[in-house]
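K.L.:
Sharing final25.txt, compact mmCIF, C-alpha atoms and all ligand atoms:
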# COMPACT_ATOMS: atom_id res chain seq x y z
CA MET A 1 106.92 76.20 63.56
CA ASN A 2 105.86 76.76 59.95
CA HIS A 3 105.98 80.09 58.13
CA SER A 4 102.42 81.22 58.93
CA GLN A 5 102.81 80.28 62.60
CA PHE A 6 106.06 82.21 62.75
CA LYS A 7 104.38 85.25 61.11
CA ALA A 8 101.58 85.10 63.70
CA PHE A 9 104.22 84.88 66.45
CA ILE A 10 106.02 87.98 65.12
CA ASN A 11 102.70 89.86 64.91
CA GLN A 12 102.16 89.25 68.61
CA ILE A 13 105.39 91.03 69.58
CA PRO A 14 104.01 94.62 69.58
CA LYS A 15 101.34 93.49 72.05
CA LEU A 16 103.91 92.55 74.70
CA ASP A 17 104.33 94.89 77.66
CA PRO A 18 107.91 96.05 78.50
CA MET A 19 108.40 93.34 81.13
CA GLN A 20 107.23 90.61 78.76
CA LYS A 21 109.54 91.95 76.04
CA GLN A 22 112.48 91.81 78.43
CA LEU A 23 111.61 88.25 79.44
CA ALA A 24 111.30 87.25 75.79
CA ILE A 25 114.73 88.77 74.99
CA THR A 26 116.33 87.02 77.98
CA SER A 27 114.72 83.75 77.00
CA LEU A 28 115.92 84.04 73.38
CA ASN A 29 119.45 84.88 74.53
CA GLN A 30 119.53 81.96 76.92
CA GLN A 31 118.43 79.49 74.26
CA ASP A 32 121.78 79.89 72.60
CA ASN A 33 124.01 80.54 75.54
CA PRO A 34 127.28 78.69 74.82
CA ILE A 35 128.24 78.39 78.47
CA LEU A 36 124.87 77.08 79.62
CA ASN A 37 124.80 74.69 76.66
CA ARG A 38 128.26 73.48 77.56
CA LEU A 39 127.38 73.01 81.22
CA THR A 40 124.31 71.00 80.26
CA LYS A 41 126.37 68.80 77.93
CA GLU A 42 129.07 68.28 80.58
CA ASN A 43 126.47 67.19 83.13
CA ILE A 44 124.98 64.73 80.66
CA ARG A 45 128.39 63.41 79.66
CA TYR A 46 129.63 62.83 83.22
CA SER A 47 126.19 61.89 84.43
CA LYS A 48 126.87 62.29 88.14
CA CYS A 49 124.56 63.64 90.82
CA ILE A 50 126.21 66.58 92.54
CA HIS A 51 124.73 65.45 95.89
CA CYS A 52 125.35 61.68 95.97
CA ASP A 53 127.52 60.85 92.93
CA SER A 54 124.86 58.51 91.56
CA ASN A 55 124.60 58.25 87.78
CA ARG A 56 120.81 57.94 87.93
CA ILE A 57 120.16 61.53 86.87
CA LYS A 58 117.76 62.82 84.26
CA LYS A 59 116.80 66.17 82.77
CA HIS A 60 114.13 67.86 84.81
CA GLY A 61 112.97 71.04 83.07
CA LYS A 62 114.58 74.42 83.22
CA SER A 63 114.93 76.97 85.96
CA ASN A 64 115.64 80.55 84.95
CA GLY A 65 117.11 79.34 81.65
CA ARG A 66 119.39 76.83 83.36
CA GLN A 67 118.91 73.11 82.71
CA ARG A 68 117.76 71.32 85.86
CA PHE A 69 118.62 67.69 86.66
CA TYR A 70 116.85 65.28 88.99
CA CYS A 71 118.52 62.38 90.78
CA ASN A 72 116.48 59.17 91.10
CA GLN A 73 118.80 57.93 93.82
CA CYS A 74 118.61 60.76 96.38
CA SER A 75 115.50 62.54 94.99
CA LYS A 76 117.32 65.87 94.94
CA SER A 77 117.67 68.20 91.99
CA PHE A 78 120.32 70.64 90.85
CA VAL A 79 120.87 73.13 88.07
CA CYS A 80 123.67 72.80 85.51
CA THR A 81 125.60 75.74 86.99
CA ARG A 82 125.76 74.13 90.45
CA GLY A 83 129.37 73.79 91.63
CA THR A 84 130.75 76.11 88.95
CA ALA A 85 131.83 79.75 88.90
CA PHE A 86 128.49 80.57 87.26
CA PHE A 87 126.27 79.36 90.10
CA TYR A 88 123.92 82.11 91.30
CA GLN A 89 125.37 84.49 88.73
CA HIS A 90 122.94 86.79 86.92
CA LYS A 91 122.96 87.97 83.29
CA PRO A 92 124.08 84.74 81.56
CA GLU A 93 123.81 86.47 78.19
CA HIS A 94 126.97 88.43 79.10
CA TRP A 95 129.14 85.61 80.52
CA GLN A 96 130.83 84.60 77.29
CA VAL A 97 131.53 88.17 76.22
CA TYR A 98 132.94 88.94 79.64
CA LEU A 99 135.36 86.01 79.47
CA GLU A 100 136.49 87.13 76.03
CA LEU A 101 137.14 90.64 77.37
CA MET A 102 139.13 89.17 80.25
CA LEU A 103 141.24 87.19 77.82
CA LYS A 104 141.87 90.39 75.90
CA ARG A 105 143.13 91.83 79.20
CA GLU A 106 140.53 94.59 79.32
CA THR A 107 140.36 96.56 82.55
CA ILE A 108 137.49 96.09 84.98
CA ARG A 109 136.12 99.52 84.05
CA ALA A 110 136.23 98.73 80.31
CA CYS A 111 134.53 95.36 80.90
CA ALA A 112 131.82 97.06 82.97
CA GLU A 113 131.15 99.66 80.27
CA LYS A 114 131.12 97.23 77.38
CA ILE A 115 128.59 94.83 78.87
CA GLY A 116 126.59 97.37 80.84
CA VAL A 117 127.15 96.28 84.44
CA SER A 118 128.59 98.19 87.39
CA SER A 119 132.32 98.14 88.15
CA VAL A 120 131.56 96.25 91.36
CA THR A 121 129.82 93.50 89.37
CA ALA A 122 132.66 93.40 86.84
CA PHE A 123 135.15 93.10 89.70
CA ASN A 124 133.16 90.31 91.37
CA TRP A 125 132.86 88.39 88.11
CA ARG A 126 136.57 88.65 87.46
CA HIS A 127 137.35 87.30 90.91
CA ARG A 128 134.82 84.48 90.55
CA TYR A 129 136.48 83.29 87.35
CA MET A 130 139.96 83.75 88.69
CA GLN A 131 139.10 81.79 91.81
CA ALA A 132 137.97 78.93 89.61
CA THR A 133 141.48 78.74 88.21
CA GLU A 134 143.29 78.96 91.55
CA HIS A 135 143.66 75.23 92.09
CA THR A 136 143.69 74.27 88.46
CA PHE A 137 146.83 72.40 87.60
CA GLU A 138 147.74 70.19 84.72
CA VAL A 139 148.96 66.65 85.12
CA ARG A 140 152.02 66.19 87.28
CA LEU A 141 155.39 67.54 86.23
CA GLU A 142 157.85 64.97 84.96
CA GLY A 143 161.10 64.49 83.07
CA ILE A 144 163.25 67.61 83.21
CA ILE A 145 161.67 70.05 85.66
CA GLU A 146 162.84 73.64 86.13
CA ALA A 147 162.09 75.31 89.47
CA ASP A 148 162.80 78.77 90.82
CA GLU A 149 161.35 81.23 93.31
CA THR A 150 160.18 84.70 92.43
CA TYR A 151 159.06 87.56 94.68
CA PHE A 152 156.19 90.03 94.64
CA ARG A 153 155.93 93.13 96.74
CA GLU A 154 153.69 92.50 99.73
CA SER A 155 150.40 94.41 99.39
CA GLN A 156 147.53 94.77 101.85
CA LYS A 157 145.37 96.53 99.27
CA GLY A 158 141.70 96.19 100.13
CA ASN A 159 142.33 95.18 103.75
CA LYS A 160 140.41 97.29 106.24
CA LYS A 161 143.20 97.13 108.81
CA LEU A 162 146.89 97.08 108.02
CA ASN A 163 149.14 95.01 110.25
CA ARG A 164 152.04 97.39 109.54
CA PRO A 165 152.43 101.17 109.06
CA ALA A 166 151.08 102.42 105.70
CA ARG A 167 153.68 102.79 102.94
CA LYS A 168 154.13 105.89 100.86
CA ARG A 169 153.34 105.45 97.17
CA GLY A 170 156.49 104.64 95.25
CA SER A 171 158.51 103.89 98.37
CA LYS A 172 161.21 101.28 98.01
CA ALA A 173 161.01 97.87 99.62
CA SER A 174 163.94 96.49 101.49
CA ILE A 175 166.10 93.92 99.75
CA ARG A 176 164.08 90.80 99.19
CA GLY A 177 165.01 87.59 100.90
CA ILE A 178 163.88 84.82 103.15
CA ASN A 179 161.48 85.89 105.92
CA ASN A 180 161.33 89.44 104.59
CA LYS A 181 157.87 90.90 105.29
CA ASP A 182 158.09 93.30 102.35
CA TRP A 183 158.02 90.50 99.81
CA VAL A 184 155.87 87.46 99.08
CA ALA A 185 157.74 84.45 97.73
CA VAL A 186 156.21 82.35 94.96
CA LEU A 187 157.59 78.98 93.96
CA THR A 188 157.31 78.34 90.22
CA ALA A 189 158.10 75.15 88.37
CA MET A 190 157.53 73.73 84.90
CA ASP A 191 158.52 70.72 82.85
CA ARG A 192 159.47 70.58 79.22
CA ASN A 193 155.88 69.87 78.20
CA HIS A 194 154.98 73.31 79.54
CA HIS A 195 153.05 72.02 82.51
CA GLU A 196 153.32 74.85 85.01
CA TYR A 197 153.00 74.86 88.77
CA ASP A 198 153.24 77.69 91.27
CA HIS A 199 152.45 78.29 94.91
CA VAL A 200 152.76 81.14 97.37
CA LEU A 201 155.25 80.20 100.11
CA GLN A 202 155.16 81.41 103.67
CA GLN A 203 158.89 80.79 103.86
CA VAL A 204 161.44 79.62 101.32
CA ASN A 205 162.65 76.43 102.95
CA GLY A 206 162.89 72.72 102.23
CA THR A 207 159.74 71.80 104.15
CA GLU A 208 157.53 74.28 102.27
CA ILE A 209 158.93 73.40 98.87
CA ASN A 210 158.59 69.68 99.53
CA LYS A 211 155.08 70.14 100.91
CA TYR A 212 153.71 71.90 97.82
CA LEU A 213 155.86 70.74 94.93
CA GLY A 214 156.39 67.17 96.21
CA ASP A 215 152.86 66.07 95.25
CA LYS A 216 153.10 67.66 91.84
CA ILE A 217 156.13 65.88 90.46
CA ILE A 218 156.86 62.35 89.38
CA ASP A 219 159.59 60.70 91.46
CA GLU A 220 163.02 60.18 89.90
CA SER A 221 162.63 63.19 87.59
CA ILE A 222 165.46 65.68 87.00
CA LEU A 223 165.21 68.98 88.86
CA CYS A 224 167.07 71.99 87.50
CA SER A 225 167.43 74.87 89.98
CA ASP A 226 169.72 77.74 90.89
CA GLY A 227 171.14 75.66 93.72
CA GLN A 228 169.05 77.05 96.56
CA ALA A 229 169.67 74.66 99.48
CA ALA A 230 165.92 74.53 100.08
CA TYR A 231 165.59 72.14 97.10
CA ASN A 232 167.73 69.46 98.73
CA LYS A 233 164.88 68.05 100.82
CA ILE A 234 162.52 67.47 97.89
CA CYS A 235 165.35 65.94 95.87
CA GLN A 236 166.10 63.47 98.66
CA GLU A 237 162.49 62.55 99.38
CA HIS A 238 161.47 62.13 95.76
CA HIS A 239 164.74 60.69 94.47
CA LEU A 240 165.26 63.56 92.04
CA HIS A 241 168.49 64.11 90.21
CA HIS A 242 169.39 67.71 91.08
CA VAL A 243 171.12 69.78 88.39
CA VAL A 244 172.35 73.06 89.89
CA LEU A 245 172.65 76.05 87.54
CA LYS A 246 173.15 79.75 87.80
CA ASN A 247 170.78 82.14 86.02
CA ASP A 248 173.01 82.83 83.03
CA GLN A 249 174.56 79.43 82.91
CA ILE A 250 173.64 77.01 80.18
CA HIS A 251 174.89 73.68 81.36
CA ASN A 252 174.12 72.24 77.99
CA GLU A 253 171.15 72.41 75.66
CA LEU A 254 169.21 70.06 77.86
CA PHE A 255 169.69 71.31 81.40
CA HIS A 256 168.87 74.96 82.06
CA ILE A 257 166.32 77.16 83.85
CA GLN A 258 165.65 79.52 80.97
CA ASN A 259 162.03 78.42 80.49
CA ILE A 260 161.07 79.08 84.08
CA ASN A 261 162.93 82.39 84.06
CA SER A 262 161.06 83.41 80.92
CA TYR A 263 157.77 82.35 82.50
CA GLN A 264 158.52 84.44 85.58
CA SER A 265 159.44 87.42 83.45
CA HIS A 266 156.10 87.27 81.57
CA LEU A 267 154.25 86.75 84.84
CA LYS A 268 155.85 89.87 86.32
CA GLN A 269 155.05 91.98 83.27
CA TRP A 270 151.45 90.80 83.33
CA MET A 271 151.13 91.53 87.05
CA LEU A 272 152.36 95.07 86.43
CA GLN A 273 149.45 95.59 84.03
CA MET A 274 147.08 94.68 86.87
CA HIS A 275 148.08 97.86 88.73
CA GLY A 276 148.77 96.36 92.13
CA VAL A 277 147.53 92.95 93.21
CA ALA A 278 146.69 92.45 96.89
CA SER A 279 148.80 89.64 98.36
CA LYS A 280 145.65 87.86 99.52
CA ASN A 281 144.54 87.65 95.86
CA LEU A 282 147.90 86.54 94.51
CA PRO A 283 146.98 82.81 94.22
CA LYS A 284 143.95 83.72 92.08
CA TYR A 285 146.05 85.86 89.74
CA LEU A 286 148.65 83.10 89.49
CA GLY A 287 145.90 80.71 88.47
CA TRP A 288 144.57 83.13 85.88
CA PHE A 289 148.03 83.62 84.41
CA ARG A 290 148.53 79.86 84.20
CA MET A 291 145.32 79.72 82.24
CA LEU A 292 146.52 82.44 79.88
CA ALA A 293 149.88 80.75 79.56
CA TRP A 294 148.45 77.36 78.79
CA HIS A 295 149.64 77.78 75.29
CA LYS A 296 152.30 80.32 74.44
CA TYR A 297 151.52 83.43 76.39
CA GLN A 298 153.11 85.74 73.87
CA SER A 299 150.97 85.00 70.86
CA PHE A 300 147.74 86.92 70.69
CA SER A 301 146.25 86.54 67.21
CA ASP A 302 142.48 86.22 66.81
CA ASP A 303 142.78 82.60 65.91
CA PHE A 304 144.90 81.96 68.95
CA LEU A 305 142.45 83.76 71.16
CA THR A 306 139.67 81.52 69.96
CA LYS A 307 141.67 78.45 70.87
CA ARG A 308 142.41 79.83 74.31
CA GLU A 309 138.80 80.74 74.92
CA LYS A 310 137.79 77.18 74.22
CA LEU A 311 140.49 75.83 76.42
CA PHE A 312 139.68 78.23 79.20
CA GLU A 313 135.99 77.47 79.02
CA PHE A 314 136.79 73.79 79.13
CA LYS A 315 139.04 74.06 82.15
CA LEU A 316 136.78 76.42 84.02
CA LEU A 317 133.73 74.25 83.60
CA LYS A 318 135.34 70.88 83.96
CA VAL A 319 137.50 71.70 86.93
CA GLN A 320 134.70 73.25 88.86
CA GLN A 321 132.34 70.39 88.33
CA HIS A 322 134.69 67.59 89.13
CA ASN A 323 136.93 69.33 91.56
CA PHE A 324 140.20 68.07 90.08
ZN ZN B 1 121.74 62.09 94.06
Please go through the file and, once you have read it, give me the structure as structure tokens.
Ligand SMILES: [Zn+2]
P.N.:
Amino acid sequence: MNHSQFKAFINQIPKLDPMQKQLAITSLNQQDNPILNRLTKENIRYSKCIHCDSNRIKKHGKSNGRQRFYCNQCSKSFVCTRGTAFFYQHKPEHWQVYLELMLKRETIRACAEKIGVSSVTAFNWRHRYMQATEHTFEVRLEGIIEADETYFRESQKGNKKLNRPARKRGSKASIRGINNKDWVAVLTAMDRNHHEYDHVLQQVNGTEINKYLGDKIIDESILCSDGQAAYNKICQEHHLHHVVLKNDQIHNELFHIQNINSYQSHLKQWMLQMHGVASKNLPKYLGWFRMLAWHKYQSFSDDFLTKREKLFEFKLLKVQQHNF
């Protein structure tokens, strides 16, 4: 568009009715939407039909600002948000800002106010994004692996019916331990490359630990733990060398469980800021924390935040599309 054409275009703006103005604004915002642009690029790069896996896909116009693709193999079409946390989500112009606010640990109410949506919408968006991270894990753990369990107070927040008598606010839970209904056990593990893994356990026993952690570790690695007998099974089945340590014991500079203890400590502090997480939502929050902790969870400079945003966006989009 040359200068005179652009001037003519600008002169037309006052003639638009309110609805047309709104559509024009939405359209302009969507032209430069980083998430939609990224989703379009990812679809082109991986070039796979979401219905039949064929690579015979081509661009096929836009639908509501989202790039549409058409598959020559199965004759079906799909939009670039299909299969991601952004599918069927309105207000794409706010997505990026919302993710940034989440990374800055803003409350749901603050997020809602800043982008002009209701608290219910802000809550739903948060849970959409968190759910996308729930099954997001890095490559398998290898080398020296530290593992330990941690416990969170059981919470039926948000459930319409409690399966136990209601607790008084501030009441004390009984001492935590195996099979205790007041606490939810979470298995956490990480290797020295800061690949983290965690999973909510129904019971702390060898079968559960082997079932969840067994697939996530490379055989013949070294497992450092506090000596809980429940780790024996996984060590036998996966030929792990088991180094048993107590919390304050530093066997030597190489074998310890300080990293996983530090991770758990940050996780607990972060959970406290969430003001009570329902047990049913715990896996989503664990996933979100893993995302935040991808690099060092303590650092929070602007530059660092930018890096994490990119990483988060990458994981969120990639994982959803290809179901890693
Ligand atoms: Zn297809």
K.L.:
Would you tabulate, counting all atoms listed in the file, all residues of chain A that have an atom at most 8 Å from an atom of ligand ZN 1 (chain B), showing the closest pair of atoms and their distance in Å to one decimal, sorted by chain then ascending number, as a Markdown table?
P.N.:
| residue | atom | partner | partner_atom | distance |
| --- | --- | --- | --- | --- |
| A:Lys48 | CA | B:ZN1 | ZN | 7.8 |
| A:Cys49 | CA | B:ZN1 | ZN | 4.6 |
| A:Ile50 | CA | B:ZN1 | ZN | 6.5 |
| A:His51 | CA | B:ZN1 | ZN | 4.9 |
| A:Cys52 | CA | B:ZN1 | ZN | 4.1 |
| A:Asp53 | CA | B:ZN1 | ZN | 6.0 |
| A:Ser54 | CA | B:ZN1 | ZN | 5.4 |
| A:Asn55 | CA | B:ZN1 | ZN | 7.9 |
| A:Arg56 | CA | B:ZN1 | ZN | 7.5 |
| A:Ile57 | CA | B:ZN1 | ZN | 7.4 |
| A:Tyr70 | CA | B:ZN1 | ZN | 7.7 |
| A:Cys71 | CA | B:ZN1 | ZN | 4.6 |
| A:Asn72 | CA | B:ZN1 | ZN | 6.7 |
| A:Gln73 | CA | B:ZN1 | ZN | 5.1 |
| A:Cys74 | CA | B:ZN1 | ZN | 4.1 |
| A:Ser75 | CA | B:ZN1 | ZN | 6.3 |
| A:Lys76 | CA | B:ZN1 | ZN | 5.9 |
| A:Ser77 | CA | B:ZN1 | ZN | 7.6 |
K.L.:
State, in Å with one decimal place, the distance from atom CA of A:Arg128 to atom CA of A:His94.
P.N.:
14.4 Å
K.L.:
Would you mind telling me which residue in A:Phe255, A:Trp288, A:Tyr129, A:Phe9 lies nearest to A:Trp95 when using all atoms listed in the file?
P.N.:
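Among A:Phe255, A:Trp288, A:Tyr129, A:Phe9, it is A:Tyr129 that comes nearest to A:Trp95.
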K.L.:
A:His242, A:His127, A:Lys114, A:Arg105: which is nearest A:Gln273, counting all atoms listed in the file?
P.N.:
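Answer, going by the shortest atom-to-atom distance: A:Arg105.
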K.L.:
When you look at stretch 205-219 of chain A with a cut-off of 6 Å (counting all atoms listed in the file), what residues show up, excluding the ones that are within fewer than 4 positions of it in the same chain? I need them as a list in words.
P.N.:
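Here the qualifying residues turn out to be Arg140, Leu141, Glu142, Ala230, Tyr231, Lys233, Ile234, His238 and His239 of chain A.
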K.L.:
Got a sec: who's within 8 Å of A:Leu240, counting only C-alpha atoms, leaving out chain neighbours fewer than 4 positions off, as number ranges by chain?
P.N.:
A: 219-223, 234-236
K.L.:
Let me make sure I understand: among A:Thr107, A:Glu237, A:Leu39, A:Ile145, which one has the smallest atom-to-atom distance to A:Arg82 if we use only C-alpha atoms?
P.N.:
A:Leu39
K.L.:
Please compute the atom CA of A:Lys59-atom CA of A:Lys21 distance, one decimal, in Å.
P.N.:
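For atom CA of A:Lys59 relative to atom CA of A:Lys21, the distance reads 27.6 Å.
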K.L.:
Just add N, CA and C atoms to stretch 70-88 of chain A and send it as a PDB file, in the frame of the given file.
P.N.:
ATOM      1  N   TYR A  70     117.454  65.934  87.822  1.00  0.00           N
ATOM      2  CA  TYR A  70     116.850  65.280  88.990  1.00  0.00           C
ATOM      3  C   TYR A  70     117.551  63.943  89.211  1.00  0.00           C
ATOM      4  N   CYS A  71     117.839  63.636  90.478  1.00  0.00           N
ATOM      5  CA  CYS A  71     118.520  62.380  90.780  1.00  0.00           C
ATOM      6  C   CYS A  71     117.511  61.363  91.315  1.00  0.00           C
ATOM      7  N   ASN A  72     117.413  60.215  90.652  1.00  0.00           N
ATOM      8  CA  ASN A  72     116.480  59.170  91.100  1.00  0.00           C
ATOM      9  C   ASN A  72     116.972  58.448  92.345  1.00  0.00           C
ATOM     10  N   GLN A  73     118.242  58.606  92.657  1.00  0.00           N
ATOM     11  CA  GLN A  73     118.800  57.930  93.820  1.00  0.00           C
ATOM     12  C   GLN A  73     118.474  58.682  95.116  1.00  0.00           C
ATOM     13  N   CYS A  74     118.799  59.993  95.131  1.00  0.00           N
ATOM     14  CA  CYS A  74     118.610  60.760  96.380  1.00  0.00           C
ATOM     15  C   CYS A  74     117.410  61.702  96.307  1.00  0.00           C
ATOM     16  N   SER A  75     116.701  61.702  95.182  1.00  0.00           N
ATOM     17  CA  SER A  75     115.500  62.540  94.990  1.00  0.00           C
ATOM     18  C   SER A  75     115.773  64.038  95.141  1.00  0.00           C
ATOM     19  N   LYS A  76     117.025  64.429  94.912  1.00  0.00           N
ATOM     20  CA  LYS A  76     117.320  65.870  94.940  1.00  0.00           C
ATOM     21  C   LYS A  76     117.552  66.350  93.509  1.00  0.00           C
ATOM     22  N   SER A  77     117.415  67.664  93.327  1.00  0.00           N
ATOM     23  CA  SER A  77     117.670  68.200  91.990  1.00  0.00           C
ATOM     24  C   SER A  77     118.745  69.277  92.063  1.00  0.00           C
ATOM     25  N   PHE A  78     119.293  69.600  90.918  1.00  0.00           N
ATOM     26  CA  PHE A  78     120.320  70.640  90.850  1.00  0.00           C
ATOM     27  C   PHE A  78     120.333  71.243  89.457  1.00  0.00           C
ATOM     28  N   VAL A  79     120.781  72.479  89.382  1.00  0.00           N
ATOM     29  CA  VAL A  79     120.870  73.130  88.070  1.00  0.00           C
ATOM     30  C   VAL A  79     122.280  72.925  87.500  1.00  0.00           C
ATOM     31  N   CYS A  80     122.390  73.124  86.180  1.00  0.00           N
ATOM     32  CA  CYS A  80     123.670  72.800  85.510  1.00  0.00           C
ATOM     33  C   CYS A  80     124.820  73.697  85.960  1.00  0.00           C
ATOM     34  N   THR A  81     124.514  74.837  86.546  1.00  0.00           N
ATOM     35  CA  THR A  81     125.600  75.740  86.990  1.00  0.00           C
ATOM     36  C   THR A  81     126.096  75.395  88.387  1.00  0.00           C
ATOM     37  N   ARG A  82     125.402  74.481  89.063  1.00  0.00           N
ATOM     38  CA  ARG A  82     125.760  74.130  90.450  1.00  0.00           C
ATOM     39  C   ARG A  82     127.222  73.656  90.519  1.00  0.00           C
ATOM     40  N   GLY A  83     127.984  74.210  91.465  1.00  0.00           N
ATOM     41  CA  GLY A  83     129.370  73.790  91.630  1.00  0.00           C
ATOM     42  C   GLY A  83     130.341  74.472  90.673  1.00  0.00           C
ATOM     43  N   THR A  84     129.854  75.409  89.871  1.00  0.00           N
ATOM     44  CA  THR A  84     130.750  76.110  88.950  1.00  0.00           C
ATOM     45  C   THR A  84     130.812  77.596  89.323  1.00  0.00           C
ATOM     46  N   ALA A  85     131.684  78.307  88.641  1.00  0.00           N
ATOM     47  CA  ALA A  85     131.830  79.750  88.900  1.00  0.00           C
ATOM     48  C   ALA A  85     130.576  80.522  88.493  1.00  0.00           C
ATOM     49  N   PHE A  86     129.671  79.863  87.765  1.00  0.00           N
ATOM     50  CA  PHE A  86     128.490  80.570  87.260  1.00  0.00           C
ATOM     51  C   PHE A  86     127.253  80.389  88.136  1.00  0.00           C
ATOM     52  N   PHE A  87     127.415  79.630  89.217  1.00  0.00           N
ATOM     53  CA  PHE A  87     126.270  79.360  90.100  1.00  0.00           C
ATOM     54  C   PHE A  87     125.807  80.668  90.746  1.00  0.00           C
ATOM     55  N   TYR A  88     124.518  80.895  90.728  1.00  0.00           N
ATOM     56  CA  TYR A  88     123.920  82.110  91.300  1.00  0.00           C
ATOM     57  C   TYR A  88     124.407  83.399  90.628  1.00  0.00           C
TER      58      TYR A  88
END
